[in-house]
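Have a look at start.txt; it's compact mmCIF, C-alpha atoms:
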```txt
# COMPACT_ATOMS: atom_id res chain seq x y z
CA MET A 29 49.99 -0.74 27.68
CA SER A 30 46.63 0.79 26.80
CA THR A 31 46.43 2.87 23.66
CA GLY A 32 44.09 5.36 22.02
CA SER A 33 41.29 6.47 24.29
CA GLU A 34 41.26 3.43 26.59
CA MET A 35 41.03 4.41 30.24
CA MET A 36 43.68 3.49 32.77
CA PRO A 37 42.18 2.24 36.06
CA ASN A 38 44.95 3.76 38.19
CA LYS A 39 45.49 7.42 38.92
CA PRO A 40 46.82 9.75 37.73
CA TYR A 41 46.35 8.38 34.19
CA ILE A 42 43.29 9.44 32.19
CA LYS A 43 44.11 8.31 28.64
CA GLN A 44 46.98 7.93 26.21
CA LEU A 45 46.91 10.72 23.66
CA GLU A 46 49.60 9.58 21.24
CA SER A 47 53.16 8.33 20.97
CA VAL A 48 56.23 10.37 20.08
CA GLY A 49 59.22 8.25 19.21
CA ASP A 50 59.57 5.73 22.03
CA CYS A 51 57.51 7.82 24.45
CA ALA A 52 53.83 7.55 25.31
CA VAL A 53 52.05 10.88 25.79
CA TRP A 54 49.50 10.61 28.59
CA GLU A 55 46.73 12.93 29.66
CA VAL A 56 46.81 12.88 33.46
CA ASP A 57 44.86 14.20 36.42
CA GLY A 58 46.98 17.17 37.45
CA GLU A 59 44.90 17.86 40.54
CA TYR A 60 45.62 14.36 41.84
CA ILE A 61 49.34 14.85 41.19
CA ARG A 62 49.42 18.24 42.93
CA ASN A 63 47.52 16.82 45.91
CA ASN A 64 49.45 13.58 46.26
CA LEU A 65 52.78 13.56 44.38
CA ASN A 66 54.20 17.04 43.82
CA ARG A 67 52.59 20.45 44.26
CA GLU A 68 54.90 21.93 41.61
CA PHE A 69 53.52 19.83 38.72
CA THR A 70 51.70 22.25 36.42
CA ASN A 71 50.88 21.82 32.71
CA PHE A 72 53.24 18.99 31.81
CA GLY A 73 56.36 17.10 32.77
CA HIS A 74 58.72 14.21 32.10
CA HIS A 75 61.04 11.99 34.13
CA TYR A 76 63.95 14.44 34.22
CA ARG A 77 61.80 17.10 35.92
CA PHE A 78 59.66 14.77 38.04
CA PRO A 79 61.37 11.43 38.75
CA PHE A 80 58.06 9.70 39.59
CA ILE A 81 57.12 9.91 35.88
CA PRO A 82 58.30 6.79 34.02
CA THR A 83 61.28 7.45 31.75
CA LEU A 84 59.41 6.74 28.52
CA GLU A 85 56.29 8.74 29.32
CA PHE A 86 55.27 12.39 28.91
CA TRP A 87 52.53 13.57 31.26
CA ILE A 88 50.21 16.44 30.27
CA ASP A 89 47.58 17.79 32.62
CA LYS A 90 44.02 17.61 31.30
CA GLU A 91 43.43 20.84 29.41
CA TYR A 92 40.35 22.86 30.30
CA ALA A 93 41.10 25.26 27.44
CA PRO A 94 42.38 22.63 24.99
CA ASP A 95 44.57 24.31 22.40
CA GLU A 96 48.20 23.98 23.49
CA LEU A 97 48.90 20.25 23.27
CA LYS A 98 51.27 20.55 20.31
CA TYR A 99 53.40 23.13 22.12
CA PHE A 100 53.64 21.05 25.27
CA ILE A 101 54.67 17.95 23.33
CA GLU A 102 57.25 19.96 21.37
CA ASN A 103 58.77 21.21 24.62
CA LEU A 104 58.74 17.79 26.30
CA TYR A 105 60.24 15.87 23.41
CA THR A 106 62.96 18.45 22.75
CA SER A 107 64.14 18.69 26.36
CA TRP A 108 63.81 14.94 27.01
CA SER A 109 65.81 14.07 23.89
CA LEU A 110 68.56 16.55 24.67
CA ILE A 111 68.95 15.35 28.25
CA ARG A 112 69.04 11.73 27.06
CA GLY A 113 71.77 12.81 24.66
CA GLY A 114 73.94 14.22 27.43
CA ILE A 115 72.96 17.89 27.44
CA SER A 116 72.57 19.46 30.88
CA TYR A 117 69.05 19.88 32.26
CA SER A 118 69.24 23.70 32.27
CA GLU A 119 70.56 23.91 28.72
CA ALA A 120 68.01 21.39 27.45
CA MET A 121 65.16 23.35 29.00
CA LYS A 122 66.47 26.58 27.53
CA ARG A 123 66.60 25.10 24.01
CA ALA A 124 63.16 23.53 24.40
CA GLU A 125 61.67 26.87 25.44
CA THR A 126 63.32 28.59 22.47
CA ASN A 127 61.73 26.06 20.12
CA GLU A 128 58.34 26.40 21.78
CA LYS A 129 58.46 30.19 21.59
CA ARG A 130 59.29 29.98 17.88
CA GLU A 131 56.26 27.78 17.24
CA ARG A 132 53.97 29.99 19.30
CA LEU A 133 55.12 33.08 17.45
CA LYS A 134 53.90 31.56 14.18
CA ASP A 135 50.44 31.15 15.71
CA ALA A 136 50.17 34.34 17.79
CA PHE A 137 46.51 35.29 18.16
CA SER A 138 46.44 38.50 16.11
CA GLU A 139 48.46 40.91 14.02
CA ARG A 140 47.43 43.55 16.53
CA VAL A 141 49.39 41.87 19.27
CA ARG A 142 52.31 40.87 17.06
CA GLY A 143 52.43 44.53 16.06
CA GLY A 144 53.62 45.48 19.50
CA VAL A 145 50.64 46.53 21.61
CA CYS A 146 52.00 44.37 24.44
CA ASP A 147 55.12 46.51 24.55
CA ILE A 148 53.12 49.65 25.37
CA VAL A 149 53.57 50.35 29.07
CA GLY A 150 50.30 50.18 31.00
CA VAL A 151 48.26 48.45 28.28
CA VAL A 152 46.90 44.91 28.49
CA PRO A 153 45.11 43.66 25.35
CA LYS A 154 41.43 43.09 26.14
CA GLU A 155 41.68 39.62 24.57
CA VAL A 156 43.67 38.50 27.63
CA TYR A 157 40.67 38.94 29.94
CA ILE A 158 37.90 36.35 30.08
CA LYS A 159 35.95 36.97 33.29
CA LYS A 160 36.25 39.00 36.47
CA LEU A 161 35.43 36.97 39.58
CA ASP A 162 33.49 39.52 41.61
CA GLU A 163 32.85 37.14 44.50
CA TYR A 164 36.37 37.78 45.79
CA LYS A 165 36.46 41.09 47.66
CA GLY A 166 40.03 42.13 48.32
CA ALA A 167 41.70 41.93 44.93
CA ASP A 168 40.65 42.24 41.31
CA VAL A 169 40.63 38.55 40.42
CA TRP A 170 40.46 37.72 36.71
CA VAL A 171 40.27 34.50 34.75
CA VAL A 172 42.57 35.12 31.79
CA ASP A 173 43.39 33.35 28.56
CA GLY A 174 46.49 31.42 29.60
CA LYS A 175 47.45 30.57 26.03
CA ILE A 176 47.54 34.22 25.03
CA VAL A 177 49.59 35.07 28.12
CA ARG A 178 52.08 32.31 27.24
CA ASP A 179 52.10 33.34 23.59
CA ILE A 180 52.86 37.01 24.09
CA TYR A 181 54.18 37.57 27.61
CA PHE A 182 55.77 34.64 29.42
CA LEU A 183 56.02 31.03 28.29
CA ASN A 184 56.03 29.60 31.82
CA PHE A 185 52.94 31.39 33.13
CA THR A 186 50.88 28.63 34.78
CA GLU A 187 47.89 28.48 37.11
CA GLY A 188 48.01 32.10 38.28
CA GLY A 189 50.08 35.16 39.03
CA HIS A 190 50.35 38.74 40.25
CA HIS A 191 52.40 41.87 39.63
CA PHE A 192 55.21 41.13 42.06
CA VAL A 193 56.17 38.09 39.95
CA TYR A 194 54.97 39.18 36.50
CA ASP A 195 55.36 42.86 35.73
CA PHE A 196 52.89 42.66 32.83
CA ILE A 197 50.02 42.00 35.29
CA PRO A 198 48.34 45.22 36.52
CA GLN A 199 49.33 45.92 40.11
CA LYS A 200 45.89 45.54 41.69
CA GLU A 201 45.00 42.36 39.81
CA VAL A 202 45.48 38.65 40.38
CA TRP A 203 45.23 36.42 37.29
CA LEU A 204 44.00 32.82 37.16
CA ASP A 205 44.69 30.70 34.08
CA ASN A 206 41.54 29.55 32.26
CA ASP A 207 43.30 26.21 31.70
CA LEU A 208 43.13 25.60 35.45
CA LYS A 209 40.53 23.11 36.67
CA PRO A 210 37.73 25.25 38.17
CA GLN A 211 37.73 23.14 41.36
CA GLU A 212 41.35 24.19 41.98
CA ARG A 213 40.86 27.93 41.59
CA ASP A 214 40.47 28.68 45.29
CA PHE A 215 43.65 26.76 46.19
CA VAL A 216 45.66 28.59 43.54
CA LEU A 217 44.12 31.93 44.49
CA LEU A 218 45.08 31.30 48.13
CA HIS A 219 48.66 30.67 46.98
CA GLU A 220 48.79 33.81 44.85
CA LEU A 221 47.25 36.09 47.48
CA HIS A 222 49.53 34.81 50.24
CA GLU A 223 52.57 35.17 47.99
CA ARG A 224 51.50 38.63 46.82
CA TYR A 225 51.16 39.93 50.38
CA LEU A 226 54.50 38.49 51.49
CA MET A 227 56.31 39.98 48.49
CA PHE A 228 54.60 43.32 49.15
CA THR A 229 56.14 43.23 52.65
CA GLY A 230 59.58 42.67 51.16
CA LEU A 231 60.11 38.90 51.05
CA THR A 232 61.90 37.43 48.06
CA TYR A 233 59.93 35.38 45.55
CA GLU A 234 61.67 32.18 46.67
CA SER A 235 60.69 32.65 50.32
CA ALA A 236 57.17 33.84 49.53
CA HIS A 237 56.59 30.99 47.06
CA ARG A 238 57.81 28.41 49.57
CA SER A 239 55.47 29.72 52.26
CA SER A 240 52.57 29.86 49.79
CA SER A 241 53.15 26.29 48.64
CA ILE A 242 53.05 25.14 52.27
CA ILE A 243 49.72 26.80 53.04
CA GLU A 244 48.23 25.68 49.71
CA HIS A 245 49.30 22.07 50.28
CA LYS A 246 47.91 22.12 53.82
CA CYS A 247 44.52 23.28 52.54
CA ARG A 248 44.55 20.69 49.76
CA LYS A 249 45.02 18.04 52.44
CA GLU A 250 42.49 19.68 54.81
CA PRO A 251 39.91 21.43 52.58
CA ASP A 252 37.86 22.58 55.58
CA LEU A 253 40.61 25.12 56.28
CA LEU A 254 40.38 26.72 52.85
CA GLY A 255 37.54 29.18 53.44
CA LYS A 256 39.08 30.73 56.56
CA CYS A 257 42.58 30.89 55.07
CA LEU A 258 41.32 32.45 51.84
CA GLU A 259 39.35 35.14 53.67
CA GLU A 260 42.41 36.01 55.77
CA GLU A 261 44.51 36.46 52.63
CA LEU A 262 41.79 38.48 50.91
CA GLU A 263 41.73 40.82 53.93
CA LYS A 264 45.51 41.32 53.72
CA ASN A 265 45.20 42.06 50.01
CA ARG A 266 42.40 44.54 50.70
CA LEU A 267 44.90 46.44 52.82
CA ILE A 268 47.48 46.36 50.00
CA ASN A 269 45.06 47.65 47.38
CA GLY A 270 43.77 50.34 49.73
CA SER A 271 47.21 51.57 50.74
CA ASN A 272 49.24 54.40 49.29
CA SER A 273 51.71 51.87 47.96
CA GLY A 274 52.58 53.50 44.69
CA PHE A 275 50.27 51.18 42.74
CA VAL A 276 49.03 52.56 39.46
CA VAL A 277 46.00 51.58 37.39
CA VAL A 278 46.95 49.71 34.22
CA LYS A 279 44.74 50.33 31.21
CA GLN A 280 43.09 47.61 29.15
CA ALA A 281 43.54 48.05 25.42
```
Would you mind giving the structure from this file in structure tokens?
Amino acid sequence: MSTGSEMMPNKPYIKQLESVGDCAVWEVDGEYIRNNLNREFTNFGHHYRFPFIPTLEFWIDKEYAPDELKYFIENLYTSWSLIRGGISYSEAMKRAETNEKRERLKDAFSERVRGGVCDIVGVVPKEVYIKKLDEYKGADVWVVDGKIVRDIYFLNFTEGGHHFVYDFIPQKEVWLDNDLKPQERDFVLLHELHERYLMFTGLTYESAHRSSSIIEHKCRKEPDLLGKCLEEELEKNRLINGSNSGFVVVKQA
């Protein structure tokens, strides 16, 4: 097995980062995995979540905002060890998330946030926002600091989101994680816009997410469809944001 920074010739491996106990921690090409193995692979995974990952390996998507590796490894090793020891998958994941949250709390980005500003209804700390993507007309699309969102709001926020799934996101906004590979933004945005519209019409998250994963996967396989599909979803979201739907503007702190 290659070690250190040696490159693996076969996808999805990029390089081995380190070893934890008997397990090799690999940086992998998450886009390749989402396109070819499993659309639901996000920041990291191990064999008991994704059976195609070898038992003694932890896979971590290449970070484009590299500052969360220690948290991901903590989560992976805790849940993997517990499952290997006979603990149920759901209980192991719950304990791993508790441990990860504890570690993140020690490193939260400012006293201002730890002091409770995130609990004020209608206020999003300005540190969350990185860049508004004005090229998308139909929704307020923001690149946000995914680490901060995971630190202070929801540990499992990945890739993107909207208000119908995450109530801390302002109702007229769609968020994209800055840790997402820029070349994947349009695919994820398509997913979020499609899901947002379906949930606005009354579908459950499970049904809307399933439909959104199907259209996203189709466009990943046939990229020429992406532009047309994205414009259609932006138009639907223009109708949502222009309706008298009870949406309210959420302030930025």
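Coordinates place atom CA of A:Arg178 at a distance of 18.2 Å from atom CA of A:Ser107.
Among the candidate residues A:Glu263, A:Glu234, A:Asp252, A:Asp205, the one lying nearest to A:Leu221 is A:Glu263, with distances computed using only C-alpha atoms.
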Report as a list in words all protein, DNA and RNA residues lying within 9 Å of A:Cys257, evaluated on all atoms listed in the file, omitting residues in the same chain fewer than 4 positions from it.
Leu218, Ile243, Cys247, Leu253, Glu261 and Leu262 of chain A
Stretch 57-72 of chain A surroundings by only C-alpha atoms, 6 Å radius, close-in-sequence under 5 positions cut, as a ChimeraX atom specification
/A:40,87-89
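Separating atom CA of A:Tyr164 from atom CA of A:Asn265 is a distance of 10.7 Å.
Pairwise distance (atom CA of A:Pro94, atom CA of A:Leu254) equals 28.2 Å.
Closest approach to A:Gly230 among A:Arg213, A:Val202, A:His75, A:Phe192 is made by A:Phe192 (distances from only C-alpha atoms).
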Kindly provide, as JSON, the centre and edge lengths (Å, one decimal) of an axis-aligned box around all atoms of stretch 77-86 of chain A given in the file, with 6 Å on each side.
```
{"center_x": 58.5, "center_y": 11.9, "center_z": 34.1, "size_x": 18.5, "size_y": 22.4, "size_z": 23.1}
```
Output stretch 100-134 of chain A as an mmCIF file, in the coordinates of the input, making sure N, CA and C atoms are there.
```
data_model
loop_
_atom_site.group_PDB
_atom_site.id
_atom_site.type_symbol
_atom_site.label_atom_id
_atom_site.label_comp_id
_atom_site.auth_asym_id
_atom_site.auth_seq_id
_atom_site.Cartn_x
_atom_site.Cartn_y
_atom_site.Cartn_z
ATOM 1 N N PHE A 100 53.144 21.796 24.116
ATOM 2 C CA PHE A 100 53.640 21.050 25.270
ATOM 3 C C PHE A 100 54.449 19.835 24.831
ATOM 4 N N ILE A 101 53.954 19.129 23.819
ATOM 5 C CA ILE A 101 54.670 17.950 23.330
ATOM 6 C C ILE A 101 56.003 18.359 22.712
ATOM 7 N N GLU A 102 56.012 19.448 21.973
ATOM 8 C CA GLU A 102 57.250 19.960 21.370
ATOM 9 C C GLU A 102 58.296 20.223 22.456
ATOM 10 N N ASN A 103 57.872 20.884 23.522
ATOM 11 C CA ASN A 103 58.770 21.210 24.620
ATOM 12 C C ASN A 103 59.277 19.928 25.301
ATOM 13 N N LEU A 104 58.378 19.020 25.605
ATOM 14 C CA LEU A 104 58.740 17.790 26.300
ATOM 15 C C LEU A 104 59.722 16.947 25.489
ATOM 16 N N TYR A 105 59.405 16.750 24.212
ATOM 17 C CA TYR A 105 60.240 15.870 23.410
ATOM 18 C C TYR A 105 61.630 16.478 23.179
ATOM 19 N N THR A 106 61.665 17.793 22.966
ATOM 20 C CA THR A 106 62.960 18.450 22.750
ATOM 21 C C THR A 106 63.842 18.333 23.984
ATOM 22 N N SER A 107 63.318 18.716 25.147
ATOM 23 C CA SER A 107 64.140 18.690 26.360
ATOM 24 C C SER A 107 64.495 17.269 26.756
ATOM 25 N N TRP A 108 63.562 16.344 26.664
ATOM 26 C CA TRP A 108 63.810 14.940 27.010
ATOM 27 C C TRP A 108 64.905 14.353 26.125
ATOM 28 N N SER A 109 64.826 14.607 24.828
ATOM 29 C CA SER A 109 65.810 14.070 23.890
ATOM 30 C C SER A 109 67.197 14.627 24.150
ATOM 31 N N LEU A 110 67.268 15.929 24.427
ATOM 32 C CA LEU A 110 68.560 16.550 24.670
ATOM 33 C C LEU A 110 69.206 16.021 25.957
ATOM 34 N N ILE A 111 68.410 15.875 26.997
ATOM 35 C CA ILE A 111 68.950 15.350 28.250
ATOM 36 C C ILE A 111 69.429 13.914 28.062
ATOM 37 N N ARG A 112 68.635 13.117 27.352
ATOM 38 C CA ARG A 112 69.040 11.730 27.060
ATOM 39 C C ARG A 112 70.331 11.690 26.265
ATOM 40 N N GLY A 113 70.566 12.736 25.477
ATOM 41 C CA GLY A 113 71.770 12.810 24.660
ATOM 42 C C GLY A 113 72.974 13.396 25.374
ATOM 43 N N GLY A 114 72.807 13.744 26.648
ATOM 44 C CA GLY A 114 73.940 14.220 27.430
ATOM 45 C C GLY A 114 73.999 15.712 27.688
ATOM 46 N N ILE A 115 73.005 16.453 27.185
ATOM 47 C CA ILE A 115 72.960 17.890 27.440
ATOM 48 C C ILE A 115 72.468 18.143 28.868
ATOM 49 N N SER A 116 72.983 19.158 29.514
ATOM 50 C CA SER A 116 72.570 19.460 30.880
ATOM 51 C C SER A 116 71.083 19.806 30.922
ATOM 52 N N TYR A 117 70.473 19.600 32.095
ATOM 53 C CA TYR A 117 69.050 19.880 32.260
ATOM 54 C C TYR A 117 68.741 21.346 31.929
ATOM 55 N N SER A 118 69.522 22.269 32.477
ATOM 56 C CA SER A 118 69.240 23.700 32.270
ATOM 57 C C SER A 118 69.370 24.098 30.805
ATOM 58 N N GLU A 119 70.383 23.583 30.128
ATOM 59 C CA GLU A 119 70.560 23.910 28.720
ATOM 60 C C GLU A 119 69.465 23.283 27.869
ATOM 61 N N ALA A 120 69.082 22.063 28.199
ATOM 62 C CA ALA A 120 68.010 21.390 27.450
ATOM 63 C C ALA A 120 66.699 22.145 27.589
ATOM 64 N N MET A 121 66.400 22.618 28.798
ATOM 65 C CA MET A 121 65.160 23.350 29.000
ATOM 66 C C MET A 121 65.186 24.681 28.261
ATOM 67 N N LYS A 122 66.343 25.309 28.230
ATOM 68 C CA LYS A 122 66.470 26.580 27.530
ATOM 69 C C LYS A 122 66.211 26.393 26.029
ATOM 70 N N ARG A 123 66.805 25.360 25.446
ATOM 71 C CA ARG A 123 66.600 25.100 24.010
ATOM 72 C C ARG A 123 65.152 24.729 23.719
ATOM 73 N N ALA A 124 64.556 23.936 24.603
ATOM 74 C CA ALA A 124 63.160 23.530 24.400
ATOM 75 C C ALA A 124 62.243 24.748 24.439
ATOM 76 N N GLU A 125 62.493 25.667 25.355
ATOM 77 C CA GLU A 125 61.670 26.870 25.440
ATOM 78 C C GLU A 125 61.856 27.746 24.203
ATOM 79 N N THR A 126 63.074 27.821 23.688
ATOM 80 C CA THR A 126 63.320 28.590 22.470
ATOM 81 C C THR A 126 62.513 28.021 21.310
ATOM 82 N N ASN A 127 62.505 26.702 21.184
ATOM 83 C CA ASN A 127 61.730 26.060 20.120
ATOM 84 C C ASN A 127 60.237 26.315 20.287
ATOM 85 N N GLU A 128 59.765 26.198 21.527
ATOM 86 C CA GLU A 128 58.340 26.400 21.780
ATOM 87 C C GLU A 128 57.931 27.840 21.475
ATOM 88 N N LYS A 129 58.758 28.790 21.878
ATOM 89 C CA LYS A 129 58.460 30.190 21.590
ATOM 90 C C LYS A 129 58.379 30.440 20.090
ATOM 91 N N ARG A 130 59.285 29.817 19.332
ATOM 92 C CA ARG A 130 59.290 29.980 17.880
ATOM 93 C C ARG A 130 57.975 29.485 17.273
ATOM 94 N N GLU A 131 57.503 28.329 17.755
ATOM 95 C CA GLU A 131 56.260 27.780 17.240
ATOM 96 C C GLU A 131 55.058 28.638 17.628
ATOM 97 N N ARG A 132 55.075 29.140 18.852
ATOM 98 C CA ARG A 132 53.970 29.990 19.300
ATOM 99 C C ARG A 132 53.923 31.297 18.512
ATOM 100 N N LEU A 133 55.078 31.828 18.184
ATOM 101 C CA LEU A 133 55.120 33.080 17.450
ATOM 102 C C LEU A 133 54.431 32.958 16.094
ATOM 103 N N LYS A 134 54.553 31.781 15.473
ATOM 104 C CA LYS A 134 53.900 31.560 14.180
ATOM 105 C C LYS A 134 52.385 31.622 14.305
#
```
